[in-house]
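Below is my_file.pdb, holding PDB, C-alpha atoms and all ligand atoms.
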ATOM      1  CA  MET A  19     -25.498 -16.988 -21.068
ATOM      2  CA  VAL A  20     -21.872 -15.855 -20.952
ATOM      3  CA  LEU A  21     -20.062 -14.833 -24.065
ATOM      4  CA  GLY A  22     -16.551 -16.015 -24.878
ATOM      5  CA  LEU A  23     -13.628 -13.723 -24.403
ATOM      6  CA  ASP A  24     -13.094 -13.387 -28.097
ATOM      7  CA  THR A  25     -16.629 -12.153 -28.609
ATOM      8  CA  VAL A  26     -16.911  -8.464 -29.228
ATOM      9  CA  ILE A  27     -20.281  -6.817 -29.372
ATOM     10  CA  GLY A  28     -20.772  -3.121 -29.605
ATOM     11  CA  GLN A  29     -18.641  -0.531 -28.001
ATOM     12  CA  LYS A  30     -15.811  -1.664 -25.791
ATOM     13  CA  GLY A  31     -16.557  -1.552 -22.122
ATOM     14  CA  ARG A  32     -20.267  -0.810 -22.405
ATOM     15  CA  PHE A  33     -22.808  -3.040 -20.743
ATOM     16  CA  CYS A  34     -25.890  -4.375 -22.483
ATOM     17  CA  LYS A  35     -29.215  -2.682 -22.127
ATOM     18  CA  GLY A  36     -32.487  -4.397 -21.390
ATOM     19  CA  LEU A  37     -31.211  -7.976 -21.446
ATOM     20  CA  LYS A  38     -32.123 -10.406 -18.725
ATOM     21  CA  GLU A  39     -29.129 -12.663 -19.247
ATOM     22  CA  LYS A  40     -25.729 -11.798 -17.919
ATOM     23  CA  ILE A  41     -24.238 -10.555 -21.116
ATOM     24  CA  PHE A  42     -21.568  -7.969 -21.000
ATOM     25  CA  PHE A  43     -19.409  -6.604 -23.718
ATOM     26  CA  LEU A  44     -16.109  -8.324 -23.164
ATOM     27  CA  MET A  45     -12.870  -7.552 -24.876
ATOM     28  CA  PRO A  46      -9.752  -9.629 -24.269
ATOM     29  CA  ASP A  47      -7.939  -6.653 -22.756
ATOM     30  CA  ASN A  48     -10.956  -5.585 -20.719
ATOM     31  CA  ASN A  49     -11.833  -8.870 -19.135
ATOM     32  CA  HIS A  50     -12.384  -9.006 -15.399
ATOM     33  CA  LYS A  51     -11.441  -5.464 -14.612
ATOM     34  CA  LEU A  52     -13.436  -3.413 -12.197
ATOM     35  CA  SER A  53     -15.857  -0.765 -13.376
ATOM     36  CA  VAL A  54     -17.377   1.829 -11.089
ATOM     37  CA  CYS A  55     -20.262   4.241 -11.545
ATOM     38  CA  MET A  56     -21.322   6.847  -9.005
ATOM     39  CA  LEU A  57     -25.095   6.803  -9.365
ATOM     40  CA  ALA A  58     -25.620   9.448  -6.679
ATOM     41  CA  SER A  59     -23.700  11.028  -3.842
ATOM     42  CA  GLY A  60     -24.737  13.415  -1.092
ATOM     43  CA  SER A  61     -27.088  13.804   1.844
ATOM     44  CA  ARG A  62     -30.149  13.194  -0.392
ATOM     45  CA  GLY A  63     -28.984   9.766  -1.543
ATOM     46  CA  ASN A  64     -25.958   7.601  -2.227
ATOM     47  CA  ALA A  65     -25.420   4.618  -4.506
ATOM     48  CA  VAL A  66     -22.317   3.200  -6.172
ATOM     49  CA  PHE A  67     -22.378   0.566  -8.914
ATOM     50  CA  VAL A  68     -19.366  -1.791  -8.984
ATOM     51  CA  SER A  69     -18.886  -4.585 -11.507
ATOM     52  CA  ASP A  70     -16.215  -6.849 -12.899
ATOM     53  CA  GLY A  71     -18.320  -7.701 -15.936
ATOM     54  CA  SER A  72     -19.770 -10.862 -14.434
ATOM     55  CA  THR A  73     -20.686  -9.780 -10.907
ATOM     56  CA  SER A  74     -22.393  -6.448 -10.328
ATOM     57  CA  ILE A  75     -23.331  -4.921  -7.006
ATOM     58  CA  LEU A  76     -24.685  -1.729  -5.547
ATOM     59  CA  VAL A  77     -22.925  -0.301  -2.534
ATOM     60  CA  ASP A  78     -25.835   1.466  -0.809
ATOM     61  CA  ALA A  79     -29.103   2.305  -2.507
ATOM     62  CA  GLY A  80     -30.131   5.615  -1.024
ATOM     63  CA  LEU A  81     -32.423   6.909  -3.766
ATOM     64  CA  SER A  82     -35.847   5.513  -4.583
ATOM     65  CA  GLY A  83     -35.754   2.194  -6.404
ATOM     66  CA  ILE A  84     -37.177   3.743  -9.529
ATOM     67  CA  GLU A  85     -34.602   6.537  -9.583
ATOM     68  CA  ILE A  86     -31.727   4.080  -9.154
ATOM     69  CA  GLU A  87     -33.116   2.053 -12.064
ATOM     70  CA  ARG A  88     -33.377   5.198 -14.152
ATOM     71  CA  ARG A  89     -29.779   6.192 -13.386
ATOM     72  CA  LEU A  90     -28.447   2.709 -14.138
ATOM     73  CA  LYS A  91     -30.228   2.721 -17.481
ATOM     74  CA  SER A  92     -28.940   6.226 -18.236
ATOM     75  CA  GLN A  93     -25.447   4.660 -18.204
ATOM     76  CA  GLU A  94     -26.604   1.595 -20.159
ATOM     77  CA  LEU A  95     -26.330  -0.618 -17.094
ATOM     78  CA  CYS A  96     -29.014  -3.271 -16.567
ATOM     79  CA  PRO A  97     -30.706  -3.394 -13.163
ATOM     80  CA  GLU A  98     -31.582  -7.003 -14.045
ATOM     81  CA  ASN A  99     -27.882  -7.843 -14.013
ATOM     82  CA  LEU A 100     -27.331  -6.798 -10.413
ATOM     83  CA  ASP A 101     -26.264  -9.575  -8.040
ATOM     84  CA  ALA A 102     -26.504  -7.921  -4.620
ATOM     85  CA  ILE A 103     -26.830  -4.761  -2.565
ATOM     86  CA  VAL A 104     -24.245  -4.063   0.136
ATOM     87  CA  VAL A 105     -25.199  -1.597   2.867
ATOM     88  CA  SER A 106     -22.757   0.657   4.753
ATOM     89  CA  HIS A 107     -25.090   1.950   7.498
ATOM     90  CA  GLU A 108     -28.746   2.621   8.219
ATOM     91  CA  HIS A 109     -29.033   6.325   7.418
ATOM     92  CA  PHE A 110     -31.864   7.023   4.998
ATOM     93  CA  ASP A 111     -29.555   8.457   2.316
ATOM     94  CA  HIS A 112     -27.968   4.978   2.063
ATOM     95  CA  ILE A 113     -30.962   2.645   2.341
ATOM     96  CA  HIS A 114     -33.968   4.400   0.790
ATOM     97  CA  GLY A 115     -34.249   2.052  -2.227
ATOM     98  CA  VAL A 116     -32.760  -1.121  -0.710
ATOM     99  CA  GLY A 117     -36.037  -2.935   0.044
ATOM    100  CA  VAL A 118     -37.753  -2.059  -3.234
ATOM    101  CA  LEU A 119     -34.767  -3.076  -5.376
ATOM    102  CA  SER A 120     -34.169  -6.266  -3.406
ATOM    103  CA  ARG A 121     -37.795  -7.337  -3.862
ATOM    104  CA  ARG A 122     -38.004  -6.241  -7.480
ATOM    105  CA  PHE A 123     -34.801  -7.950  -8.671
ATOM    106  CA  ASP A 124     -34.570 -10.691  -6.054
ATOM    107  CA  LEU A 125     -31.294  -9.314  -4.712
ATOM    108  CA  PRO A 126     -29.641 -10.471  -1.504
ATOM    109  CA  VAL A 127     -28.899  -7.634   0.922
ATOM    110  CA  PHE A 128     -25.490  -7.798   2.620
ATOM    111  CA  ILE A 129     -25.650  -5.851   5.881
ATOM    112  CA  THR A 130     -24.369  -6.140   9.452
ATOM    113  CA  GLU A 131     -26.783  -7.453  12.040
ATOM    114  CA  GLN A 132     -26.895  -4.196  13.979
ATOM    115  CA  THR A 133     -27.443  -2.126  10.852
ATOM    116  CA  SER A 134     -30.115  -4.549   9.734
ATOM    117  CA  ARG A 135     -31.968  -4.128  13.024
ATOM    118  CA  ALA A 136     -31.760  -0.349  12.760
ATOM    119  CA  ALA A 137     -32.843  -0.333   9.112
ATOM    120  CA  CYS A 138     -35.497  -3.044   9.063
ATOM    121  CA  SER A 139     -38.524  -0.805   9.512
ATOM    122  CA  HIS A 140     -37.555   1.088   6.393
ATOM    123  CA  ILE A 141     -36.213  -1.742   4.263
ATOM    124  CA  GLY A 142     -39.257  -3.917   4.986
ATOM    125  CA  LYS A 143     -39.447  -7.611   4.233
ATOM    126  CA  VAL A 144     -36.753  -8.973   1.954
ATOM    127  CA  LYS A 145     -36.196 -12.625   1.115
ATOM    128  CA  ASN A 146     -32.476 -12.813   1.459
ATOM    129  CA  ILE A 147     -30.536 -10.944   4.149
ATOM    130  CA  VAL A 148     -26.882 -11.920   4.490
ATOM    131  CA  ASN A 149     -25.216 -10.647   7.637
ATOM    132  CA  PHE A 150     -21.549  -9.765   7.439
ATOM    133  CA  GLU A 151     -19.315  -8.636  10.276
ATOM    134  CA  SER A 152     -17.398  -5.393  10.281
ATOM    135  CA  GLY A 153     -13.710  -6.304   9.894
ATOM    136  CA  THR A 154     -14.333  -9.669   8.214
ATOM    137  CA  SER A 155     -14.012 -10.058   4.431
ATOM    138  CA  PHE A 156     -16.688 -11.804   2.401
ATOM    139  CA  ALA A 157     -17.147 -12.682  -1.246
ATOM    140  CA  ILE A 158     -19.939 -12.012  -3.685
ATOM    141  CA  ASN A 159     -19.010 -14.341  -6.538
ATOM    142  CA  SER A 160     -15.715 -13.005  -7.890
ATOM    143  CA  LEU A 161     -15.640  -9.824  -5.786
ATOM    144  CA  THR A 162     -13.942  -9.805  -2.389
ATOM    145  CA  ILE A 163     -15.383  -7.197  -0.084
ATOM    146  CA  HIS A 164     -13.777  -5.997   3.093
ATOM    147  CA  PRO A 165     -15.906  -3.908   5.464
ATOM    148  CA  PHE A 166     -13.965  -1.762   7.928
ATOM    149  CA  PRO A 167     -15.407   0.268  10.828
ATOM    150  CA  THR A 168     -15.836   4.004  10.518
ATOM    151  CA  SER A 169     -16.401   6.712  13.096
ATOM    152  CA  HIS A 170     -19.925   7.878  12.232
ATOM    153  CA  ASP A 171     -23.133   8.329  14.201
ATOM    154  CA  ALA A 172     -24.823   5.089  13.165
ATOM    155  CA  GLU A 173     -25.188   1.663  14.822
ATOM    156  CA  ASP A 174     -22.362  -0.201  13.067
ATOM    157  CA  PRO A 175     -21.098   1.942  10.180
ATOM    158  CA  VAL A 176     -18.538   0.599   7.718
ATOM    159  CA  GLY A 177     -16.527   1.647   4.700
ATOM    160  CA  PHE A 178     -15.529  -0.897   2.087
ATOM    161  CA  THR A 179     -12.656  -2.014  -0.033
ATOM    162  CA  ILE A 180     -13.520  -4.229  -2.986
ATOM    163  CA  ASN A 181     -10.864  -6.425  -4.537
ATOM    164  CA  LEU A 182     -10.613  -8.229  -7.796
ATOM    165  CA  ASP A 183      -7.230  -9.913  -8.263
ATOM    166  CA  LYS A 184      -4.755  -7.086  -7.621
ATOM    167  CA  THR A 185      -7.180  -4.264  -8.282
ATOM    168  CA  LYS A 186      -8.705  -2.617  -5.253
ATOM    169  CA  ILE A 187     -11.203   0.164  -4.834
ATOM    170  CA  GLY A 188     -11.953   2.001  -1.604
ATOM    171  CA  ILE A 189     -15.281   3.515  -0.585
ATOM    172  CA  ALA A 190     -15.059   5.832   2.400
ATOM    173  CA  THR A 191     -17.834   8.346   2.957
ATOM    174  CA  ASP A 192     -19.677   9.200   6.171
ATOM    175  CA  LEU A 193     -16.400   9.305   8.073
ATOM    176  CA  GLY A 194     -16.417  11.320  11.259
ATOM    177  CA  ILE A 195     -12.647  11.199  11.359
ATOM    178  CA  ALA A 196     -10.117   9.362   9.241
ATOM    179  CA  THR A 197      -8.724   6.922  11.785
ATOM    180  CA  SER A 198      -5.404   5.175  11.218
ATOM    181  CA  MET A 199      -7.412   2.010  10.521
ATOM    182  CA  VAL A 200      -9.284   3.778   7.719
ATOM    183  CA  LYS A 201      -5.959   4.968   6.274
ATOM    184  CA  GLU A 202      -4.535   1.485   6.457
ATOM    185  CA  HIS A 203      -7.457   0.038   4.513
ATOM    186  CA  LEU A 204      -7.382   2.718   1.825
ATOM    187  CA  LYS A 205      -3.744   2.122   0.925
ATOM    188  CA  ASP A 206      -2.909   0.692  -2.519
ATOM    189  CA  CYS A 207      -6.289   1.408  -4.101
ATOM    190  CA  SER A 208      -6.672   1.954  -7.847
ATOM    191  CA  LEU A 209      -9.790   4.033  -7.296
ATOM    192  CA  LEU A 210     -10.850   5.910  -4.202
ATOM    193  CA  ILE A 211     -14.264   7.294  -3.356
ATOM    194  CA  LEU A 212     -13.498   9.798  -0.621
ATOM    195  CA  GLU A 213     -15.755  11.948   1.450
ATOM    196  CA  ALA A 214     -15.309  15.716   1.005
ATOM    197  CA  ASN A 215     -18.407  16.888   2.809
ATOM    198  CA  HIS A 216     -17.908  20.501   3.760
ATOM    199  CA  ASP A 217     -15.746  23.550   3.678
ATOM    200  CA  LYS A 218     -15.150  24.465   7.318
ATOM    201  CA  ASP A 219     -15.733  28.210   6.846
ATOM    202  CA  MET A 220     -18.878  27.687   4.787
ATOM    203  CA  LEU A 221     -20.242  25.343   7.445
ATOM    204  CA  ILE A 222     -19.455  27.689  10.341
ATOM    205  CA  ASN A 223     -20.878  30.739   8.564
ATOM    206  CA  GLY A 224     -23.716  28.882   6.842
ATOM    207  CA  PRO A 225     -27.430  28.634   7.624
ATOM    208  CA  TYR A 226     -27.507  25.341   9.576
ATOM    209  CA  PRO A 227     -28.575  25.430  13.238
ATOM    210  CA  TRP A 228     -25.722  25.299  15.747
ATOM    211  CA  GLU A 229     -26.495  21.712  16.859
ATOM    212  CA  LEU A 230     -26.395  20.411  13.292
ATOM    213  CA  LYS A 231     -23.107  22.222  12.612
ATOM    214  CA  GLN A 232     -21.635  20.530  15.694
ATOM    215  CA  ARG A 233     -22.972  17.130  14.580
ATOM    216  CA  ILE A 234     -21.395  17.468  11.143
ATOM    217  CA  LYS A 235     -18.050  18.722  12.495
ATOM    218  CA  ASN A 236     -17.560  16.248  15.301
ATOM    219  CA  ARG A 237     -15.768  12.892  15.382
ATOM    220  CA  THR A 238     -18.825  10.976  14.244
ATOM    221  CA  GLY A 239     -20.037  13.369  11.565
ATOM    222  CA  HIS A 240     -18.513  14.103   8.165
ATOM    223  CA  LEU A 241     -15.069  14.978   6.756
ATOM    224  CA  SER A 242     -14.192  18.522   5.744
ATOM    225  CA  ASN A 243     -12.173  19.287   2.610
ATOM    226  CA  GLU A 244      -9.031  19.777   4.728
ATOM    227  CA  GLU A 245      -9.519  16.454   6.502
ATOM    228  CA  SER A 246     -10.150  14.756   3.182
ATOM    229  CA  LYS A 247      -6.929  16.266   1.822
ATOM    230  CA  ASN A 248      -4.998  14.907   4.795
ATOM    231  CA  LEU A 249      -6.495  11.468   4.301
ATOM    232  CA  LEU A 250      -5.675  11.497   0.601
ATOM    233  CA  SER A 251      -2.097  12.628   1.352
ATOM    234  CA  ALA A 252      -1.715   9.610   3.607
ATOM    235  CA  VAL A 253      -2.891   7.063   1.040
ATOM    236  CA  CYS A 254      -2.019   8.555  -2.365
ATOM    237  CA  HIS A 255       0.414   6.569  -4.494
ATOM    238  CA  ASP A 256       1.504   6.600  -8.121
ATOM    239  CA  MET A 257      -0.620   3.621  -9.200
ATOM    240  CA  LEU A 258      -3.807   5.348  -8.068
ATOM    241  CA  GLN A 259      -5.933   6.022 -11.166
ATOM    242  CA  HIS A 260      -9.033   7.860  -9.931
ATOM    243  CA  VAL A 261     -10.142   9.821  -6.896
ATOM    244  CA  ILE A 262     -13.844  10.675  -6.684
ATOM    245  CA  LEU A 263     -14.829  13.258  -4.084
ATOM    246  CA  ALA A 264     -18.146  12.272  -2.590
ATOM    247  CA  HIS A 265     -20.951  13.066  -0.143
ATOM    248  CA  MET A 266     -20.437  16.758  -0.824
ATOM    249  CA  SER A 267     -22.790  19.153   0.931
ATOM    250  CA  GLU A 268     -24.853  21.287  -1.451
ATOM    251  CA  THR A 269     -25.063  24.021   1.213
ATOM    252  CA  ASN A 270     -21.636  23.974   2.823
ATOM    253  CA  ASN A 271     -19.241  23.177  -0.021
ATOM    254  CA  THR A 272     -18.625  23.731  -3.713
ATOM    255  CA  PRO A 273     -16.853  21.430  -6.186
ATOM    256  CA  GLU A 274     -14.352  24.244  -6.901
ATOM    257  CA  LYS A 275     -13.391  24.652  -3.233
ATOM    258  CA  ALA A 276     -13.057  20.900  -2.734
ATOM    259  CA  LEU A 277     -10.957  20.411  -5.866
ATOM    260  CA  ASN A 278      -8.704  23.372  -5.003
ATOM    261  CA  ILE A 279      -8.069  22.199  -1.459
ATOM    262  CA  ILE A 280      -7.768  18.447  -2.092
ATOM    263  CA  GLY A 281      -6.093  18.508  -5.531
ATOM    264  CA  PRO A 282      -2.596  19.324  -4.192
ATOM    265  CA  ALA A 283      -2.607  16.019  -2.258
ATOM    266  CA  LEU A 284      -2.281  14.093  -5.532
ATOM    267  CA  THR A 285       1.241  12.849  -6.084
ATOM    268  CA  ASN A 286       0.872  12.310  -9.801
ATOM    269  CA  LYS A 287      -0.630  14.417 -12.580
ATOM    270  CA  ASN A 288      -2.126  11.342 -14.234
ATOM    271  CA  ILE A 289      -4.505  10.643 -11.355
ATOM    272  CA  GLN A 290      -8.027  11.704 -12.349
ATOM    273  CA  LEU A 291      -9.768  13.787  -9.703
ATOM    274  CA  SER A 292     -13.522  14.308 -10.002
ATOM    275  CA  VAL A 293     -16.577  15.184  -7.935
ATOM    276  CA  ALA A 294     -19.637  12.948  -7.646
ATOM    277  CA  THR A 295     -22.898  14.819  -7.786
ATOM    278  CA  GLN A 296     -26.277  14.434  -6.179
ATOM    279  CA  ASN A 297     -28.598  15.002  -9.086
ATOM    280  CA  GLU A 298     -27.180  12.841 -11.823
ATOM    281  CA  SER A 299     -25.138   9.740 -12.358
ATOM    282  CA  GLY A 300     -21.456   9.970 -13.212
ATOM    283  CA  SER A 301     -20.191   8.024 -16.202
ATOM    284  CA  VAL A 302     -18.866   4.479 -15.889
ATOM    285  CA  ILE A 303     -15.168   4.379 -15.019
ATOM    286  CA  HIS A 304     -13.252   1.334 -16.271
ATOM    287  CA  LEU A 305     -10.093   0.649 -14.312
ATOM    288  CA  LYS A 306      -6.945  -0.355 -16.148
TER     289      LYS A 306
HETATM  290 ZN    ZN A 401     -24.581   8.582   7.464
HETATM  291 ZN    ZN A 402     -24.685   9.621   4.214
END

Final structure tokens representation of the file:
Amino acid sequence: MVLGLDTVIGQKGRFCKGLKEKIFFLMPDNNHKLSVCMLASGSRGNAVFVSDGSTSILVDAGLSGIEIERRLKSQELCPENLDAIVVSHEHFDHIHGVGVLSRRFDLPVFITEQTSRAACSHIGKVKNIVNFESGTSFAINSLTIHPFPTSHDAEDPVGFTINLDKTKIGIATDLGIATSMVKEHLKDCSLLILEANHDKDMLINGPYPWELKQRIKNRTGHLSNEESKNLLSAVCHDMLQHVILAHMSETNNTPEKALNIIGPALTNKNIQLSVATQNESGSVIHLK
């Protein structure tokens, strides 16, 4: 069941709770705009909810299925309304709940072949695997998704841009380095989810073993605050509405340090800068 555009139920921009049908609260001026919710971000689990009101997907599902359901419901989002899960790479913090959620809600899993092979023992049997290729766009109903390669220590890691009409969001975490290809893809976004993993000094002086510090710092590890600032400087523009700093280390970074270092890269005071957290869901962001 799909409600007409002139139908207004409840609070603008909120999604229904507990309904099996695809019913969303539509307002004429809020129709077919992208909404984004950071359900979790960090080395203990990542999941991003993206919806245009008729198609809803998860980009990664790196918490347990039950915890992802709980976080969706905490933001009045219905797990039953999900259409698909899209996977960036096989690391556990991105796939932990993929199999359970796919089986529970009969969701197709969009994943590259190499990632699928690397992740299959953990994901288990799912009915519908759809292989995409890094660098080739694909559609899930109304959403156009473009996976682009990233430099990260996984089999075939990708970041994503998701387009709806002229609105574009970029999801770029688990970046070893911000290559010029990554920068090219992240141009002209309305919302950016950007990795800000560690503060270099905190990492160097912190408690991690030397090998792990090297792994994080190197070209296939994670972006520091400084590197994230440089990436944002390269892609920031005045139509950007939101920047969400993500995959932040709980040991080697603080939200204050990240915001202080990366904030000056914003070209416009109206751009909202926030930090996604590990332990609770962010609120739903509706793009203009
Ligand atoms: Zn990873
Ligand atoms: Zn990760």

Query raised in the report: Do you know which residues are within 9 Å of ligand ZN 401 (chain A) using all atoms listed in the file? Can you write them as a PyMOL selection string?
Result: chain A and resi 61+106-112+170-172+175+191-193+239-240

Output for the residues just chosen: C-alpha atoms as a PDB file, keeping the file's coordinate frame:
ATOM      1  CA  SER A  61     -27.088  13.804   1.844  1.00  0.00           C
ATOM      2  CA  SER A 106     -22.757   0.657   4.753  1.00  0.00           C
ATOM      3  CA  HIS A 107     -25.090   1.950   7.498  1.00  0.00           C
ATOM      4  CA  GLU A 108     -28.746   2.621   8.219  1.00  0.00           C
ATOM      5  CA  HIS A 109     -29.033   6.325   7.418  1.00  0.00           C
ATOM      6  CA  PHE A 110     -31.864   7.023   4.998  1.00  0.00           C
ATOM      7  CA  ASP A 111     -29.555   8.457   2.316  1.00  0.00           C
ATOM      8  CA  HIS A 112     -27.968   4.978   2.063  1.00  0.00           C
ATOM      9  CA  HIS A 170     -19.925   7.878  12.232  1.00  0.00           C
ATOM     10  CA  ASP A 171     -23.133   8.329  14.201  1.00  0.00           C
ATOM     11  CA  ALA A 172     -24.823   5.089  13.165  1.00  0.00           C
ATOM     12  CA  PRO A 175     -21.098   1.942  10.180  1.00  0.00           C
ATOM     13  CA  THR A 191     -17.834   8.346   2.957  1.00  0.00           C
ATOM     14  CA  ASP A 192     -19.677   9.200   6.171  1.00  0.00           C
ATOM     15  CA  LEU A 193     -16.400   9.305   8.073  1.00  0.00           C
ATOM     16  CA  GLY A 239     -20.037  13.369  11.565  1.00  0.00           C
ATOM     17  CA  HIS A 240     -18.513  14.103   8.165  1.00  0.00           C
TER      18      HIS A 240
END

message: I'd like to see the residues matched by the PyMOL selection byres (((chain A and resi 281) around 12) and not hetatm) on this file, and ideally I'd get them as a PyMOL selection string.
response: chain A and resi 214+243-244+246-248+250-251+254+260-263+273-280+282-293

TODO: Using the chain letters and numbering of this document, enumerate as a ChimeraX atom specification the residues selected by the PyMOL selection byres (((chain A and resi 151-166) around 7) and not hetatm).
DONE: /A:73,130,149-150,167-168,176-182

Requested in this report: Can you turn the PyMOL selection byres (((chain A and resi 101) around 12) and not hetatm) into a concrete residue list for this file, as a VMD selection string?
Outcome: chain A and resid 39 to 40 67 to 77 96 to 100 102 to 104 119 to 120 123 to 128 146 157 to 161

Handout entry: Point-to-point distance from CA of Met220 in chain A to CA of Met266 in chain A, Å rounded to tenths
Key =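 We find that CA of Met220 in chain A and CA of Met266 in chain A lie 12.4 Å from each other.
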
Which polymer residues, whether protein, DNA or RNA, lie within 10 Å of the coordinate (-6.1, 4.7, -1.0) when you count all atoms listed in the file? List them as a PyMOL selection string, using the chain letters and numbers from the file. chain A and resi 179+186-190+200-212+249-255+257-258+260-261
